[in-house]
$ cat query-v8.cif   # mmCIF, C-alpha atoms and all ligand atoms
data_run
#
loop_
_atom_site.label_atom_id
_atom_site.label_comp_id
_atom_site.auth_asym_id
_atom_site.auth_seq_id
_atom_site.Cartn_x
_atom_site.Cartn_y
_atom_site.Cartn_z
CA MET O 19 0.00 0.00 0.00
CA LYS O 20 1.41 3.33 -1.03
CA PHE O 21 -0.31 5.35 1.66
CA GLY O 22 0.04 4.01 5.21
CA LYS O 23 -2.36 4.93 7.98
CA PRO O 24 -1.73 8.54 9.00
CA LYS O 25 -0.14 8.99 12.39
CA LYS O 26 -2.65 10.89 14.48
CA LYS O 27 -2.32 12.59 17.82
CA ILE O 28 -6.06 12.90 18.29
CA ASN O 29 -8.03 9.71 18.73
CA THR O 30 -11.28 11.49 19.29
CA PHE O 31 -11.70 15.24 19.09
CA TYR O 32 -12.98 16.72 22.30
CA PRO O 33 -12.91 20.50 22.24
CA PRO O 34 -12.68 22.51 25.44
CA GLN O 35 -15.81 24.13 26.84
CA ARG O 36 -15.43 27.80 25.93
CA THR O 37 -17.44 30.83 26.83
CA LEU O 38 -18.12 32.25 23.38
CA MET O 39 -18.27 36.04 23.41
CA GLY O 40 -16.99 36.84 19.96
CA PRO O 41 -18.67 37.63 16.64
CA GLY O 42 -20.11 34.10 16.35
CA PRO O 43 -20.43 31.21 16.66
CA SER O 44 -22.38 31.70 19.84
CA GLU O 45 -22.92 29.06 22.52
CA ILE O 46 -25.49 26.38 21.89
CA HIS O 47 -28.16 25.17 24.27
CA PRO O 48 -27.97 21.43 25.17
CA ARG O 49 -31.44 20.96 23.67
CA VAL O 50 -30.12 22.09 20.29
CA PHE O 51 -27.08 19.81 20.54
CA SER O 52 -29.14 16.81 21.48
CA ALA O 53 -31.50 17.42 18.55
CA MET O 54 -28.49 17.14 16.25
CA GLY O 55 -27.60 13.68 17.55
CA ARG O 56 -30.93 12.12 16.60
CA PRO O 57 -31.19 9.49 13.85
CA THR O 58 -30.47 10.60 10.32
CA ILE O 59 -33.36 9.98 7.94
CA GLY O 60 -33.81 10.56 4.24
CA TYR O 61 -34.22 14.11 2.95
CA LEU O 62 -37.55 13.12 1.34
CA ASP O 63 -38.79 10.95 4.20
CA PRO O 64 -42.38 12.05 4.91
CA VAL O 65 -41.51 12.63 8.57
CA PHE O 66 -38.62 14.85 7.54
CA VAL O 67 -40.77 16.74 5.04
CA GLU O 68 -43.24 17.49 7.82
CA MET O 69 -40.41 18.89 9.93
CA MET O 70 -39.25 21.02 6.95
CA ASP O 71 -42.70 22.59 6.70
CA GLU O 72 -42.66 23.48 10.36
CA LEU O 73 -39.12 24.80 10.06
CA LYS O 74 -40.28 27.19 7.33
CA GLU O 75 -43.16 28.33 9.53
CA LEU O 76 -40.82 28.95 12.46
CA LEU O 77 -38.46 30.93 10.23
CA ARG O 78 -41.37 33.09 9.05
CA TYR O 79 -41.97 33.96 12.68
CA ALA O 80 -38.30 34.82 13.22
CA PHE O 81 -38.26 37.04 10.09
CA GLN O 82 -41.79 38.37 10.77
CA THR O 83 -42.96 37.58 7.27
CA ASN O 84 -45.57 35.67 5.30
CA ASN O 85 -43.14 35.03 2.43
CA ALA O 86 -43.69 31.55 1.01
CA MET O 87 -40.01 31.15 0.09
CA THR O 88 -38.52 31.28 3.56
CA PHE O 89 -36.13 28.42 4.25
CA PRO O 90 -32.57 27.59 5.37
CA VAL O 91 -29.87 27.52 2.69
CA SER O 92 -27.43 24.62 3.13
CA GLY O 93 -24.38 26.72 3.81
CA PRO O 94 -23.15 29.46 6.13
CA GLY O 95 -24.32 33.09 6.07
CA SER O 96 -21.99 33.75 3.14
CA ALA O 97 -23.97 31.21 1.08
CA GLY O 98 -27.19 33.10 1.84
CA MET O 99 -25.49 36.32 0.78
CA GLU O 100 -24.31 34.77 -2.47
CA MET O 101 -27.72 33.22 -3.14
CA CYS O 102 -29.35 36.67 -3.13
CA PHE O 103 -26.84 38.16 -5.55
CA VAL O 104 -26.62 35.29 -8.05
CA ASN O 105 -30.40 35.22 -8.41
CA MET O 106 -31.09 38.95 -8.36
CA VAL O 107 -28.19 40.56 -10.23
CA SER O 108 -27.62 39.97 -13.94
CA PRO O 109 -24.59 41.23 -15.85
CA GLY O 110 -24.78 44.96 -16.58
CA GLU O 111 -27.34 45.74 -13.88
CA LYS O 112 -26.74 48.58 -11.46
CA VAL O 113 -26.62 47.83 -7.75
CA ILE O 114 -26.20 50.36 -4.96
CA VAL O 115 -23.98 48.77 -2.31
CA CYS O 116 -23.61 50.34 1.11
CA ARG O 117 -20.25 49.80 2.76
CA ASN O 118 -19.59 50.77 6.36
CA GLY O 119 -17.68 47.67 7.41
CA VAL O 120 -16.30 44.31 6.33
CA PHE O 121 -19.56 42.69 5.29
CA GLY O 122 -20.68 45.56 3.05
CA GLY O 123 -17.35 45.00 1.29
CA ARG O 124 -18.27 41.37 0.74
CA MET O 125 -21.58 42.38 -0.80
CA LEU O 126 -19.61 44.54 -3.22
CA GLU O 127 -17.47 41.52 -4.15
CA ASN O 128 -20.64 39.62 -4.92
CA VAL O 129 -21.98 42.36 -7.19
CA GLU O 130 -18.71 42.44 -9.11
CA ARG O 131 -18.56 38.68 -9.51
CA CYS O 132 -22.13 38.65 -10.85
CA GLY O 133 -21.13 41.20 -13.48
CA GLY O 134 -23.26 43.91 -11.92
CA ILE O 135 -22.31 47.59 -11.98
CA PRO O 136 -21.73 48.61 -8.36
CA ILE O 137 -22.53 52.09 -7.14
CA ILE O 138 -20.80 52.30 -3.79
CA VAL O 139 -22.10 54.38 -0.89
CA ASP O 140 -19.29 54.50 1.65
CA ASP O 141 -19.69 55.46 5.28
CA THR O 142 -17.15 55.61 8.06
CA TRP O 143 -16.68 52.31 9.88
CA GLY O 144 -18.59 52.44 13.14
CA GLN O 145 -21.25 54.76 11.73
CA PRO O 146 -24.61 53.72 10.34
CA ILE O 147 -25.37 53.91 6.64
CA ASP O 148 -26.45 57.45 5.73
CA VAL O 149 -29.95 57.15 4.25
CA ASP O 150 -29.67 60.56 2.55
CA LYS O 151 -26.53 59.46 0.71
CA VAL O 152 -28.38 56.40 -0.53
CA GLU O 153 -31.24 58.61 -1.72
CA ASP O 154 -28.71 60.82 -3.56
CA ALA O 155 -27.14 57.75 -5.17
CA PHE O 156 -30.57 56.74 -6.50
CA LYS O 157 -31.15 60.26 -7.86
CA ALA O 158 -27.76 60.34 -9.56
CA ASN O 159 -28.17 56.91 -11.18
CA LYS O 160 -31.13 55.87 -13.25
CA ASP O 161 -32.16 52.23 -13.51
CA VAL O 162 -30.74 50.95 -10.28
CA LYS O 163 -32.13 47.44 -9.85
CA VAL O 164 -31.04 46.56 -6.33
CA LEU O 165 -30.04 48.21 -3.06
CA ALA O 166 -27.80 46.03 -0.87
CA PHE O 167 -26.96 46.79 2.74
CA VAL O 168 -25.97 45.19 6.03
CA HIS O 169 -28.47 45.72 8.83
CA ALA O 170 -26.12 44.82 11.68
CA GLU O 171 -22.44 45.32 10.77
CA THR O 172 -20.67 42.75 12.95
CA SER O 173 -17.24 44.20 12.22
CA THR O 174 -18.06 47.42 14.10
CA GLY O 175 -21.24 46.77 16.12
CA VAL O 176 -23.36 49.35 14.32
CA ALA O 177 -27.04 49.04 13.37
CA SER O 178 -28.34 50.81 10.28
CA ASP O 179 -31.85 52.14 9.67
CA ALA O 180 -33.19 49.18 7.70
CA LYS O 181 -36.74 50.48 7.62
CA ASN O 182 -35.85 53.73 5.89
CA LEU O 183 -33.25 52.19 3.61
CA ALA O 184 -35.86 49.72 2.33
CA LYS O 185 -38.29 52.61 1.92
CA VAL O 186 -35.87 54.56 -0.29
CA ALA O 187 -35.34 51.47 -2.47
CA LYS O 188 -39.11 50.99 -2.91
CA LYS O 189 -39.55 54.66 -3.80
CA HIS O 190 -37.05 54.18 -6.63
CA ASN O 191 -38.46 50.84 -7.78
CA ALA O 192 -35.46 48.83 -6.72
CA PHE O 193 -35.30 45.58 -4.81
CA THR O 194 -33.59 45.34 -1.44
CA ILE O 195 -31.06 42.76 -0.29
CA MET O 196 -30.57 42.94 3.46
CA ASP O 197 -27.93 41.13 5.49
CA ALA O 198 -29.52 40.15 8.82
CA VAL O 199 -26.88 37.60 9.85
CA THR O 200 -26.18 39.27 13.18
CA SER O 201 -29.47 41.12 13.63
CA LEU O 202 -32.00 38.27 13.44
CA ALA O 203 -33.40 37.49 16.92
CA GLY O 204 -31.10 40.06 18.56
CA ILE O 205 -32.88 43.24 17.44
CA PRO O 206 -36.16 43.70 15.50
CA VAL O 207 -36.05 42.39 11.91
CA LEU O 208 -39.49 43.09 10.41
CA ILE O 209 -39.35 41.85 6.83
CA ASP O 210 -42.97 42.47 5.83
CA GLU O 211 -43.47 45.71 7.72
CA TRP O 212 -40.32 47.18 6.21
CA ALA O 213 -41.01 45.64 2.79
CA VAL O 214 -37.55 44.09 2.44
CA ASP O 215 -37.47 41.89 -0.70
CA ALA O 216 -34.61 39.52 0.06
CA CYS O 217 -32.95 38.85 3.39
CA TYR O 218 -30.50 36.24 4.66
CA SER O 219 -29.19 35.39 8.09
CA GLY O 220 -26.94 32.82 9.76
CA SER O 221 -27.64 29.98 12.16
CA GLN O 222 -24.70 30.60 14.49
CA LYS O 223 -25.26 34.13 15.74
CA CYS O 224 -28.37 35.17 17.71
CA LEU O 225 -30.23 31.98 16.75
CA SER O 226 -27.57 29.97 18.63
CA CYS O 227 -27.67 26.98 16.37
CA THR O 228 -24.82 24.93 14.94
CA PRO O 229 -22.93 26.83 12.22
CA GLY O 230 -23.46 26.12 8.54
CA LEU O 231 -27.04 27.14 7.75
CA SER O 232 -28.36 30.37 6.33
CA PRO O 233 -32.04 31.18 6.84
CA ILE O 234 -33.26 33.19 3.87
CA THR O 235 -36.49 34.82 2.74
CA PHE O 236 -37.67 36.16 -0.64
CA SER O 237 -40.85 38.16 -1.11
CA ASP O 238 -43.56 36.72 -3.35
CA GLU O 239 -43.42 39.92 -5.43
CA LEU O 240 -39.69 39.55 -5.99
CA ILE O 241 -40.04 35.95 -7.14
CA GLU O 242 -42.81 36.93 -9.54
CA LYS O 243 -40.73 39.76 -11.02
CA LEU O 244 -37.67 37.53 -11.36
CA HIS O 245 -39.77 35.18 -13.46
CA GLU O 246 -41.04 38.03 -15.62
CA LYS O 247 -37.54 39.26 -16.41
CA PRO O 248 -37.09 39.31 -20.19
CA ASN O 249 -34.58 36.69 -21.43
CA LYS O 250 -34.04 35.60 -17.89
CA ASN O 251 -30.56 34.17 -17.81
CA LYS O 252 -29.95 31.13 -15.72
CA SER O 253 -28.39 31.99 -12.39
CA GLN O 254 -24.59 31.66 -12.49
CA SER O 255 -24.80 29.23 -9.62
CA TRP O 256 -26.39 25.83 -9.99
CA PHE O 257 -26.28 25.06 -6.27
CA LEU O 258 -27.88 28.36 -5.23
CA ASP O 259 -30.40 28.64 -8.07
CA LEU O 260 -33.68 29.82 -6.58
CA ASP O 261 -35.86 27.95 -9.08
CA LEU O 262 -34.05 24.67 -8.51
CA LEU O 263 -34.17 25.07 -4.75
CA THR O 264 -37.88 25.82 -4.93
CA GLY O 265 -38.20 22.26 -6.20
CA TYR O 266 -36.97 21.02 -2.84
CA TRP O 267 -38.07 23.72 -0.38
CA GLY O 268 -41.25 24.84 -2.15
CA ASP O 269 -44.69 23.72 -1.10
CA THR O 270 -45.36 21.04 -3.69
CA ASN O 271 -43.72 18.11 -5.45
CA ARG O 272 -40.57 17.96 -3.41
CA THR O 273 -37.74 16.62 -5.52
CA TYR O 274 -34.08 15.94 -4.92
CA HIS O 275 -31.75 18.87 -5.45
CA HIS O 276 -28.93 18.17 -3.02
CA THR O 277 -28.70 16.06 0.12
CA ALA O 278 -30.03 18.33 2.84
CA PRO O 279 -27.91 18.50 6.01
CA THR O 280 -30.64 16.69 7.91
CA ASN O 281 -29.13 16.66 11.38
CA SER O 282 -28.17 20.34 11.22
CA LEU O 283 -31.74 21.07 10.24
CA TYR O 284 -33.01 19.22 13.32
CA SER O 285 -30.89 21.54 15.41
CA LEU O 286 -32.18 24.63 13.63
CA HIS O 287 -35.73 23.44 14.20
CA GLU O 288 -34.98 23.05 17.91
CA ALA O 289 -33.27 26.47 18.15
CA LEU O 290 -36.30 28.07 16.48
CA LEU O 291 -38.67 26.25 18.82
CA MET O 292 -36.72 27.75 21.70
CA LEU O 293 -36.96 31.20 20.14
CA GLN O 294 -40.70 30.80 19.77
CA GLU O 295 -41.04 29.63 23.36
CA GLU O 296 -39.10 32.63 24.63
CA GLY O 297 -40.85 35.02 22.25
CA LEU O 298 -39.08 37.37 19.84
CA GLU O 299 -39.72 40.48 21.94
CA ASN O 300 -38.31 38.78 25.00
CA SER O 301 -35.24 37.76 23.02
CA TRP O 302 -34.70 41.37 21.90
CA PHE O 303 -35.21 42.52 25.46
CA ARG O 304 -32.72 39.97 26.85
CA HIS O 305 -30.05 41.16 24.41
CA ARG O 306 -30.68 44.78 25.36
CA ARG O 307 -30.66 44.12 29.08
CA ASN O 308 -27.39 42.18 29.04
CA HIS O 309 -25.90 44.83 26.79
CA GLN O 310 -26.75 47.56 29.34
CA ALA O 311 -24.88 45.63 32.02
CA LEU O 312 -21.90 44.75 29.82
CA LYS O 313 -21.68 48.36 28.68
CA ALA O 314 -21.73 49.65 32.26
CA GLY O 315 -18.93 47.25 33.18
CA LEU O 316 -16.76 47.99 30.16
CA GLU O 317 -17.14 51.72 30.65
CA ALA O 318 -16.27 51.37 34.34
CA LEU O 319 -12.95 49.90 33.12
CA GLY O 320 -12.37 53.00 31.02
CA LEU O 321 -13.19 51.36 27.69
CA ASN O 322 -14.98 53.44 25.06
CA PHE O 323 -17.49 52.21 22.50
CA ILE O 324 -16.62 53.02 18.89
CA VAL O 325 -20.31 53.37 17.93
CA ASP O 326 -22.52 56.26 19.08
CA LYS O 327 -25.19 55.26 21.56
CA PRO O 328 -28.33 55.35 19.36
CA HIS O 329 -26.78 53.04 16.77
CA ARG O 330 -25.18 50.42 19.00
CA LEU O 331 -26.03 46.78 18.51
CA PRO O 332 -26.73 45.17 21.87
CA GLN O 333 -25.37 41.84 20.65
CA MET O 334 -22.04 43.18 19.35
CA ASN O 335 -20.06 45.54 21.54
CA ALA O 336 -16.92 47.06 19.99
CA VAL O 337 -14.62 49.07 22.23
CA SER O 338 -11.27 50.74 21.56
CA VAL O 339 -8.12 49.12 22.93
CA MET O 340 -6.54 51.40 25.52
CA PRO O 341 -3.14 52.86 24.64
CA GLY O 342 -0.15 50.84 25.78
CA VAL O 343 -2.05 47.55 26.01
CA ASN O 344 -1.23 44.65 23.72
CA GLU O 345 -4.59 43.82 22.16
CA ALA O 346 -3.73 40.25 21.11
CA ASP O 347 -2.18 39.39 24.50
CA VAL O 348 -5.41 40.24 26.26
CA ARG O 349 -7.39 37.93 23.97
CA LYS O 350 -4.81 35.16 24.34
CA ARG O 351 -4.96 35.36 28.13
CA LEU O 352 -8.75 35.45 28.23
CA LEU O 353 -8.76 32.25 26.19
CA ALA O 354 -5.96 30.48 28.04
CA GLU O 355 -6.91 31.47 31.58
CA TYR O 356 -10.68 31.84 31.44
CA ASN O 357 -11.72 29.89 28.32
CA ILE O 358 -13.33 33.06 27.01
CA GLU O 359 -13.29 33.89 23.32
CA ILE O 360 -13.78 37.51 22.30
CA GLY O 361 -13.38 39.05 18.84
CA ALA O 362 -10.53 41.11 17.41
CA GLY O 363 -10.84 43.99 14.98
CA LEU O 364 -11.16 43.18 11.28
CA GLY O 365 -9.77 45.05 8.27
CA ASP O 366 -9.07 48.71 9.05
CA LEU O 367 -9.84 48.13 12.73
CA ALA O 368 -7.39 45.22 13.21
CA GLY O 369 -5.40 45.74 16.42
CA GLN O 370 -7.55 48.71 17.45
CA ILE O 371 -10.68 47.21 18.97
CA TRP O 372 -12.07 44.30 20.92
CA ARG O 373 -15.50 42.94 20.06
CA PHE O 374 -17.67 41.44 22.78
CA GLY O 375 -20.50 39.40 21.34
CA ILE O 376 -23.48 38.48 23.46
CA MET O 377 -25.55 36.56 20.96
CA GLY O 378 -28.32 34.06 21.57
CA TYR O 379 -27.50 31.54 24.27
CA SER O 380 -24.25 33.42 24.99
CA CYS O 381 -26.34 36.41 26.00
CA LYS O 382 -26.72 35.79 29.73
CA MET O 383 -25.77 37.31 33.02
CA GLU O 384 -23.16 34.74 33.97
CA ASN O 385 -21.22 35.40 30.76
CA VAL O 386 -21.32 39.17 31.23
CA MET O 387 -20.12 38.92 34.82
CA LEU O 388 -17.43 36.37 34.01
CA ALA O 389 -16.08 38.41 31.10
CA LEU O 390 -15.87 41.56 33.21
CA CYS O 391 -14.13 39.76 36.05
CA ALA O 392 -11.71 38.11 33.64
CA LEU O 393 -10.90 41.40 31.93
CA GLU O 394 -10.21 43.12 35.24
CA THR O 395 -7.79 40.49 36.45
CA VAL O 396 -6.00 40.28 33.09
CA PHE O 397 -5.74 44.08 32.88
CA SER O 398 -4.56 44.26 36.46
CA ASP O 399 -1.85 41.66 35.82
CA MET O 400 -0.72 43.60 32.78
CA GLY O 401 -0.28 46.74 34.85
CA VAL O 402 -3.38 48.61 33.73
CA ASN O 403 -4.77 50.77 36.49
CA VAL O 404 -8.07 49.07 37.32
CA GLU O 405 -9.62 48.03 40.58
CA VAL O 406 -10.91 44.48 40.59
CA GLY O 407 -14.62 44.48 41.35
CA THR O 408 -15.46 47.87 39.82
CA ALA O 409 -16.85 46.51 36.57
CA GLU O 410 -19.01 43.87 38.22
CA ALA O 411 -20.44 46.47 40.59
CA ALA O 412 -21.36 48.70 37.64
CA ALA O 413 -22.90 45.77 35.77
CA TYR O 414 -24.83 44.67 38.81
CA LYS O 415 -26.27 48.17 39.18
CA ALA O 416 -27.35 48.14 35.53
CA TYR O 417 -29.05 44.77 35.97
CA ALA O 418 -30.85 46.04 39.04
CA SER O 419 -32.17 49.07 37.18
CA HIS O 420 -33.33 46.94 34.22
CA PRO O 421 -35.27 44.15 35.89
CA SER O 422 -35.85 41.16 33.66
CA ASN O 423 -39.60 41.40 34.15
CA LEU O 424 -39.73 44.82 32.46
CA LYS O 425 -41.44 44.63 29.10
CA ILE O 426 -39.70 45.53 25.87
CA GLU O 427 -41.63 48.82 25.49
CA ALA O 428 -39.82 50.12 28.53
CA VAL O 429 -36.43 49.99 26.87
CA ALA O 430 -37.22 50.22 23.16
C1 LIG N 1 -21.00 36.36 10.20
C2 LIG N 1 -21.52 37.26 9.16
C3 LIG N 1 -21.61 36.90 7.81
C4 LIG N 1 -21.06 35.62 7.28
O1 LIG N 1 -21.62 34.51 7.84
P1 LIG N 1 -20.81 33.10 7.75
O2 LIG N 1 -21.75 32.16 8.42
O3 LIG N 1 -19.53 33.31 8.47
O4 LIG N 1 -20.61 32.79 6.31
C5 LIG N 1 -22.19 37.79 6.93
N1 LIG N 1 -22.64 38.98 7.34
C6 LIG N 1 -22.56 39.38 8.62
C7 LIG N 1 -23.08 40.72 9.00
C8 LIG N 1 -21.99 38.54 9.57
O5 LIG N 1 -21.89 38.94 10.84
#

$ encode --input "query-v8.cif" --output "structure tokens"
Amino acid sequence: MKFGKPKKKINTFYPPQRTLMGPGPSEIHPRVFSAMGRPTIGYLDPVFVEMMDELKELLRYAFQTNNAMTFPVSGPGSAGMEMCFVNMVSPGEKVIVCRNGVFGGRMLENVERCGGIPIIVDDTWGQPIDVDKVEDAFKANKDVKVLAFVHAETSTGVASDAKNLAKVAKKHNAFTIMDAVTSLAGIPVLIDEWAVDACYSGSQKCLSCTPGLSPITFSDELIEKLHEKPNKNKSQSWFLDLDLLTGYWGDTNRTYHHTAPTNSLYSLHEALLMLQEEGLENSWFRHRRNHQALKAGLEALGLNFIVDKPHRLPQMNAVSVMPGVNEADVRKRLLAEYNIEIGAGLGDLAGQIWRFGIMGYSCKMENVMLALCALETVFSDMGVNVEVGTAEAAAYKAYASHPSNLKIEAVA
């Protein structure tokens, strides 16, 4: 035999238990894990098909939509992103792309690869997309087919005004592609109310499911118009072709397209059941409440948010690294000594910020308190002037003034 058995160090892979407070994946509830370990069945088994129908219904609740084509793409958030562009952008078509962080930049890449003509609206990283600039871009360019923007920019922790961005697109007869990977279940995402045409998310952020699935939704009107398109070219992607996938995820005549990741879909079903049990508003409220406490603690340590208060995402908290502190060393020590993962800066912000994610099942009091305690001791060891206990006291005060039984209206 030419190839002998590989020499392996690992006989069975058992990862450490980490506290996940980065940009995703988030922690996963044991119920979701155990759902994944259930027996694999065929992707057209009638029992599985019944579960698929319910999964679509649960996703409609999460997206707050009646859209028939609402289902999970077999692939990470990036696959959902690509699916929107390959089906909605034909060569030569104009697309306004908003870019105020890393993920807006990826949308631009998608437009270019589809042969679209990008019209870029740039905003400073850490600031929301300027709706007036988008309006101006529409006025300056006739025949724009699509507006693409990121609702919750994970690279900076900023939320943009999705409602008004979608409104501007409608006014100018363009479709909207919205990235809701980090926003879904963490802050309101109201697809029908805002009239967003296409939106994708990810399983591993505020939904707290295993990574590798991308919930997506397309409006009925969009699908109709895509079919009316003169000389409709076939989508450049076979795997992400909306028509072909409708054959599997649509309501009738289910046929084989690709082998669905059955066990991952069980876990998404379970995560969505948990979301429904908690209630969307309560999930938004939980993210906001834990954010208030984390914010109070981080600020008590002298850390400053890079995003202005009204535009901060509760689930993604980006703060500037204090001068004289080695950014990477802090992250390394948090991981080695406390098993805590936090996020580093990406792109232009590399080395300048830390990102504290509190998404989904990671968004809980014990994580906030642990992270603050860990930061204090690590800072203290590194010679930063902090008093251990200060951050927890500030966080505790914030929790006390935002009781968990307060309704969402009180903090919206
Ligand atoms: C994480 C993320 C993505 C990409 O999702 P993957 O699952 O990593 O492919 C896209 N957009 C935003 C805003 C994200 O936070």

$ residues_near_point --input "query-v8.cif" --point "(-21.1, 51.4, 20.9)" --cutoff "12 Å" --atoms "only C-alpha atoms" --output "PDB file with C-alpha atoms, in the frame of the given file"
ATOM      1  CA  TRP O 143     -16.680  52.310   9.880  1.00  0.00           C
ATOM      2  CA  GLY O 144     -18.590  52.440  13.140  1.00  0.00           C
ATOM      3  CA  GLN O 145     -21.250  54.760  11.730  1.00  0.00           C
ATOM      4  CA  PRO O 146     -24.610  53.720  10.340  1.00  0.00           C
ATOM      5  CA  GLU O 171     -22.440  45.320  10.770  1.00  0.00           C
ATOM      6  CA  THR O 172     -20.670  42.750  12.950  1.00  0.00           C
ATOM      7  CA  SER O 173     -17.240  44.200  12.220  1.00  0.00           C
ATOM      8  CA  THR O 174     -18.060  47.420  14.100  1.00  0.00           C
ATOM      9  CA  GLY O 175     -21.240  46.770  16.120  1.00  0.00           C
ATOM     10  CA  VAL O 176     -23.360  49.350  14.320  1.00  0.00           C
ATOM     11  CA  ALA O 177     -27.040  49.040  13.370  1.00  0.00           C
ATOM     12  CA  HIS O 309     -25.900  44.830  26.790  1.00  0.00           C
ATOM     13  CA  GLN O 310     -26.750  47.560  29.340  1.00  0.00           C
ATOM     14  CA  LEU O 312     -21.900  44.750  29.820  1.00  0.00           C
ATOM     15  CA  LYS O 313     -21.680  48.360  28.680  1.00  0.00           C
ATOM     16  CA  ALA O 314     -21.730  49.650  32.260  1.00  0.00           C
ATOM     17  CA  LEU O 316     -16.760  47.990  30.160  1.00  0.00           C
ATOM     18  CA  GLU O 317     -17.140  51.720  30.650  1.00  0.00           C
ATOM     19  CA  LEU O 321     -13.190  51.360  27.690  1.00  0.00           C
ATOM     20  CA  ASN O 322     -14.980  53.440  25.060  1.00  0.00           C
ATOM     21  CA  PHE O 323     -17.490  52.210  22.500  1.00  0.00           C
ATOM     22  CA  ILE O 324     -16.620  53.020  18.890  1.00  0.00           C
ATOM     23  CA  VAL O 325     -20.310  53.370  17.930  1.00  0.00           C
ATOM     24  CA  ASP O 326     -22.520  56.260  19.080  1.00  0.00           C
ATOM     25  CA  LYS O 327     -25.190  55.260  21.560  1.00  0.00           C
ATOM     26  CA  PRO O 328     -28.330  55.350  19.360  1.00  0.00           C
ATOM     27  CA  HIS O 329     -26.780  53.040  16.770  1.00  0.00           C
ATOM     28  CA  ARG O 330     -25.180  50.420  19.000  1.00  0.00           C
ATOM     29  CA  LEU O 331     -26.030  46.780  18.510  1.00  0.00           C
ATOM     30  CA  PRO O 332     -26.730  45.170  21.870  1.00  0.00           C
ATOM     31  CA  GLN O 333     -25.370  41.840  20.650  1.00  0.00           C
ATOM     32  CA  MET O 334     -22.040  43.180  19.350  1.00  0.00           C
ATOM     33  CA  ASN O 335     -20.060  45.540  21.540  1.00  0.00           C
ATOM     34  CA  ALA O 336     -16.920  47.060  19.990  1.00  0.00           C
ATOM     35  CA  VAL O 337     -14.620  49.070  22.230  1.00  0.00           C
ATOM     36  CA  SER O 338     -11.270  50.740  21.560  1.00  0.00           C
ATOM     37  CA  ILE O 371     -10.680  47.210  18.970  1.00  0.00           C
ATOM     38  CA  TRP O 372     -12.070  44.300  20.920  1.00  0.00           C
ATOM     39  CA  ARG O 373     -15.500  42.940  20.060  1.00  0.00           C
ATOM     40  CA  PHE O 374     -17.670  41.440  22.780  1.00  0.00           C
TER      41      PHE O 374
END

$ closest_atom_pairs --input "query-v8.cif" --of "chain O" --to "ligand LIG 1 (chain N)" --cutoff "7 Å" --atoms "all atoms listed in the file" --output "tab-separated table"
residue	atom	partner	partner_atom	distance
O:Pro41	CA	N:LIG1	O5	6.8
O:Gly42	CA	N:LIG1	C1	6.6
O:Pro94	CA	N:LIG1	O2	3.8
O:Gly95	CA	N:LIG1	O1	3.5
O:Ser96	CA	N:LIG1	O4	3.6
O:Ala97	CA	N:LIG1	O4	6.4
O:Phe121	CA	N:LIG1	N1	5.2
O:Val168	CA	N:LIG1	C7	6.1
O:Ala170	CA	N:LIG1	C7	5.8
O:Glu171	CA	N:LIG1	C7	5.0
O:Thr172	CA	N:LIG1	O5	4.5
O:Asp197	CA	N:LIG1	C7	6.0
O:Ala198	CA	N:LIG1	C7	6.5
O:Val199	CA	N:LIG1	C6	4.8
O:Thr200	CA	N:LIG1	O5	4.9
O:Gly220	CA	N:LIG1	O2	5.4
O:Gln222	CA	N:LIG1	O2	6.9
O:Pro229	CA	N:LIG1	O2	6.7
O:Gly230	CA	N:LIG1	O2	6.3

$ closest_residue --input "query-v8.cif" --among "O:Ala412, O:Val396, O:Leu364, O:Glu384" --to "Val343 (chain O)" --atoms "only C-alpha atoms"
O:Val396

$ atom_distance --input "query-v8.cif" --atom1 "CA of Val149 (chain O)" --atom2 "CA of Lys185 (chain O)"
9.8 Å

$ atom_distance --input "query-v8.cif" --atom1 "CA of Val129 (chain O)" --atom2 "CA of Met196 (chain O)"
13.7 Å

$ atom_distance --input "query-v8.cif" --atom1 "CA of Phe156 (chain O)" --atom2 "CA of Asn182 (chain O)"
13.8 Å

$ residues_around --input "query-v8.cif" --residues "Asp347 (chain O)" --least-positions-apart "5" --cutoff "12 Å" --atoms "all atoms listed in the file" --output "ChimeraX atom specification"
/O:339,342,352-355,360,362,369,372,393,396-397,399-400

$ axis_aligned_box --input "query-v8.cif" --around "region 264-276 of chain O" --padding-each-side "6 Å" --output "lines of an AutoDock Vina configuration file"
center_x = -37.1
center_y = 20.9
center_z = -3.3
size_x = 28.4
size_y = 21.9
size_z = 17.8

$ build_atoms --input "query-v8.cif" --residues "region 321-325 of chain O" --atoms "N, CA and C atoms" --output "short mmCIF file (atom, residue, chain, number, x, y, z; two decimals), keeping the file's coordinate frame"
data_model
loop_
_atom_site.label_atom_id
_atom_site.label_comp_id
_atom_site.auth_asym_id
_atom_site.auth_seq_id
_atom_site.Cartn_x
_atom_site.Cartn_y
_atom_site.Cartn_z
N LEU O 321 -13.15 51.71 29.12
CA LEU O 321 -13.19 51.36 27.69
C LEU O 321 -14.30 52.16 26.99
N ASN O 322 -14.00 52.62 25.79
CA ASN O 322 -14.98 53.44 25.06
C ASN O 322 -15.53 52.72 23.84
N PHE O 323 -16.83 52.80 23.67
CA PHE O 323 -17.49 52.21 22.50
C PHE O 323 -17.11 53.00 21.25
N ILE O 324 -16.97 52.30 20.13
CA ILE O 324 -16.62 53.02 18.89
C ILE O 324 -17.88 53.49 18.17
N VAL O 325 -19.05 52.99 18.58
CA VAL O 325 -20.31 53.37 17.93
C VAL O 325 -21.08 54.31 18.85
#
